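This report concerns only the one structure given below.
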Amino acid sequence: MTTRTTIRRTLTAAALAGAAGVAGVVAGGTADAATPGDGSSVLPCTSNQFTARLVYGGAGAGNRYAAIQLTGKVGERCALPGRLPVTLVGARDVLIDNEAPDDAPGVALSNGSSAYVQLHWTGIEAPDEQETPNGISVTAPAASNPHGDPIDPSVTLPWTLGPVDAVPATHTIDVGPLTRGTAPTE
C-alpha cells in the first residue's frame with residue numbers, strides 16, 4: 001500500500017466518523033432538550049410555529065382547573081419563555097394573575113412536542129356575581145420570522161369553560177409557569 005492510499009483511507013474514515021457523529025446529533029432529537037438561554041440555536045417561537053388549545057383540567061370544592069396547551073408543528077423548532085403573557089377577552093371584572101416567576105425556565109418545542117400553562121380560578125359565587133370570558137389569549141415571544149416578515153404574536157382561544165367569579169375577593173384566573181409535556185386532564 002502506498003502512502004497516498006493510506007492517507008486517502010484515513011481521511012475517508014475520519015470524514016465518515018464525523019458525518020456519523022453529526023447524524024447522531026440530528027437523529028438524537030436534541031431539540032427537545034434545548035431551552036432558551038442554554039446557548040442553543042433555538043429561536044423564539046412565532047404564533048404560527050405551534051398550535052394552541054384550551055384543556056379542561058377538572059373541578060372540585062369551587063376550584064376550577066384548565067391549561068393552555070401549546071404543541072409544536074411538525075418541522076418546526078422554537079423556544080417559549082417560562083413566563084408567557086396571558087390575557088382575557090371580555091369579562092371586564094376578572095383579572096389575570098401571572099404567578100410564574102420572571103426567570104421561570106423556558107421550553108423548546110419541536111415536531112409535536114408540547115408544553116402547557118396551568119390555569120386556576122373559582123366558580124362558587126351566585127350567577128349575577130360571575131362573568132364568562134369570550135376568550136383567553138397567549139402571546140408568542142416573536143412577532144416576526146427570521147426573514148423579518150411580521151407575524152401577529154397573539155393566539156386567542158374561545159373560552160369554553162363557563163363562568164368565573166367576578167367579585168373583589170375572588171376575581172382572578174391564576175396562571176402558572178410554562179411546563180414541558182401535555183396538559184393534565186381530569
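Please note that chains go A, B, ... in the order of the C-alpha cells, that every chain numbers its residues from 1, and that ligands are numbered from 1 in the order shown.
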Taking 2 positions as the minimum chain separation for residues in the same chain, which residues sit within 8 Å of region 168-182 of chain A when counting only C-alpha atoms? Answer as an mmCIF file with C-alpha atoms, in the first residue's frame.
```cif
data_model
loop_
_atom_site.group_PDB
_atom_site.id
_atom_site.type_symbol
_atom_site.label_atom_id
_atom_site.label_comp_id
_atom_site.auth_asym_id
_atom_site.auth_seq_id
_atom_site.Cartn_x
_atom_site.Cartn_y
_atom_site.Cartn_z
ATOM 1 C CA GLN A 69 -51.543 23.585 25.771
ATOM 2 C CA PRO A 81 -40.222 31.591 27.768
ATOM 3 C CA GLY A 82 -41.266 30.133 31.115
ATOM 4 C CA ARG A 83 -43.498 33.145 31.775
ATOM 5 C CA LEU A 84 -45.923 33.641 28.888
ATOM 6 C CA VAL A 86 -51.784 35.643 29.053
ATOM 7 C CA ASP A 93 -64.148 42.280 36.205
ATOM 8 C CA VAL A 94 -61.970 39.164 36.004
ATOM 9 C CA LEU A 95 -58.209 39.655 36.281
ATOM 10 C CA ILE A 96 -55.223 37.548 35.259
ATOM 11 C CA ASP A 97 -52.618 36.866 37.956
ATOM 12 C CA ASN A 98 -49.490 35.525 36.262
ATOM 13 C CA GLU A 99 -47.794 33.669 39.122
ATOM 14 C CA ALA A 100 -44.883 32.410 37.010
ATOM 15 C CA PRO A 101 -41.552 33.865 38.133
ATOM 16 C CA ALA A 104 -39.017 30.540 35.012
ATOM 17 C CA PRO A 105 -37.143 28.157 32.686
ATOM 18 C CA GLY A 106 -38.249 28.161 29.078
ATOM 19 C CA VAL A 107 -39.263 25.193 26.961
ATOM 20 C CA SER A 113 -43.764 18.174 21.499
ATOM 21 C CA SER A 114 -45.973 20.091 23.923
ATOM 22 C CA ALA A 115 -45.891 22.439 26.884
ATOM 23 C CA TYR A 116 -48.705 23.957 28.897
ATOM 24 C CA VAL A 117 -49.619 26.834 31.182
ATOM 25 C CA GLN A 118 -51.793 25.814 34.148
ATOM 26 C CA LEU A 119 -54.894 27.940 34.896
ATOM 27 C CA HIS A 120 -56.846 28.079 38.196
ATOM 28 C CA TRP A 121 -59.942 30.048 39.211
ATOM 29 C CA THR A 122 -63.043 29.739 41.372
ATOM 30 C CA VAL A 164 -65.607 32.798 36.528
ATOM 31 C CA ASP A 165 -66.181 34.530 39.863
ATOM 32 C CA ALA A 166 -66.068 38.300 39.364
ATOM 33 C CA PRO A 184 -53.179 17.252 32.779
#
```
Extract, using only C-alpha atoms, all DNA, RNA and protein residues at most 6 Å from region 130-137 of chain A, discarding same-chain residues fewer than 2 positions from it, and format them as a PyMOL selection string.
chain A and resi 86-91+127-128+155-159+162-166
Residue subset to file, keeping C-alpha atoms, as a PDB file, in the first residue's frame:
```
ATOM      1  CA  VAL A  86     -51.784  35.643  29.053  1.00  0.00           C
ATOM      2  CA  THR A  87     -54.811  37.953  28.753  1.00  0.00           C
ATOM      3  CA  LEU A  88     -58.590  37.637  28.742  1.00  0.00           C
ATOM      4  CA  VAL A  89     -61.041  38.787  26.107  1.00  0.00           C
ATOM      5  CA  GLY A  90     -64.223  40.038  27.761  1.00  0.00           C
ATOM      6  CA  ALA A  91     -65.086  39.511  31.447  1.00  0.00           C
ATOM      7  CA  PRO A 127     -74.603  33.768  38.754  1.00  0.00           C
ATOM      8  CA  ASP A 128     -75.016  37.570  38.956  1.00  0.00           C
ATOM      9  CA  VAL A 155     -53.200  33.488  19.779  1.00  0.00           C
ATOM     10  CA  THR A 156     -56.774  33.751  21.086  1.00  0.00           C
ATOM     11  CA  LEU A 157     -58.774  30.689  22.065  1.00  0.00           C
ATOM     12  CA  PRO A 158     -62.523  30.722  22.690  1.00  0.00           C
ATOM     13  CA  TRP A 159     -63.362  30.379  26.395  1.00  0.00           C
ATOM     14  CA  GLY A 162     -68.084  28.518  31.874  1.00  0.00           C
ATOM     15  CA  PRO A 163     -68.338  31.451  34.252  1.00  0.00           C
ATOM     16  CA  VAL A 164     -65.607  32.798  36.528  1.00  0.00           C
ATOM     17  CA  ASP A 165     -66.181  34.530  39.863  1.00  0.00           C
ATOM     18  CA  ALA A 166     -66.068  38.300  39.364  1.00  0.00           C
TER      19      ALA A 166
END
```
Run DSSP on the backbone and give me the residues of region 59-107 of chain A it puts in strand (DSSP E), as an NGL selection string.
:A and (59-60 or 63-72 or 77-80 or 86-89 or 95-98 or 107)
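From CA of Asp152 (chain A) back to CA of Ala183 (chain A), the distance works out to 24.6 Å.
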Find the spatial neighbours of Thr139 (chain A), counting only C-alpha atoms, within a cut-off of 6 Å - ignore same-chain residues fewer than 2 positions away - and output them as a PyMOL selection string.
chain A and resi 85+153-154
Could you jot down the CA of Ser110 (chain A) to CA of Arg64 (chain A) separation for me, Å, one decimal place?
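Computing it gives 29.9 Å between the two atoms.
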Can you list, as a count of residues only, every protein, DNA or RNA residue that comes within 7 Å of Ala52 (chain A) when you count only C-alpha atoms, leaving out same-chain residues fewer than 5 positions away?
4
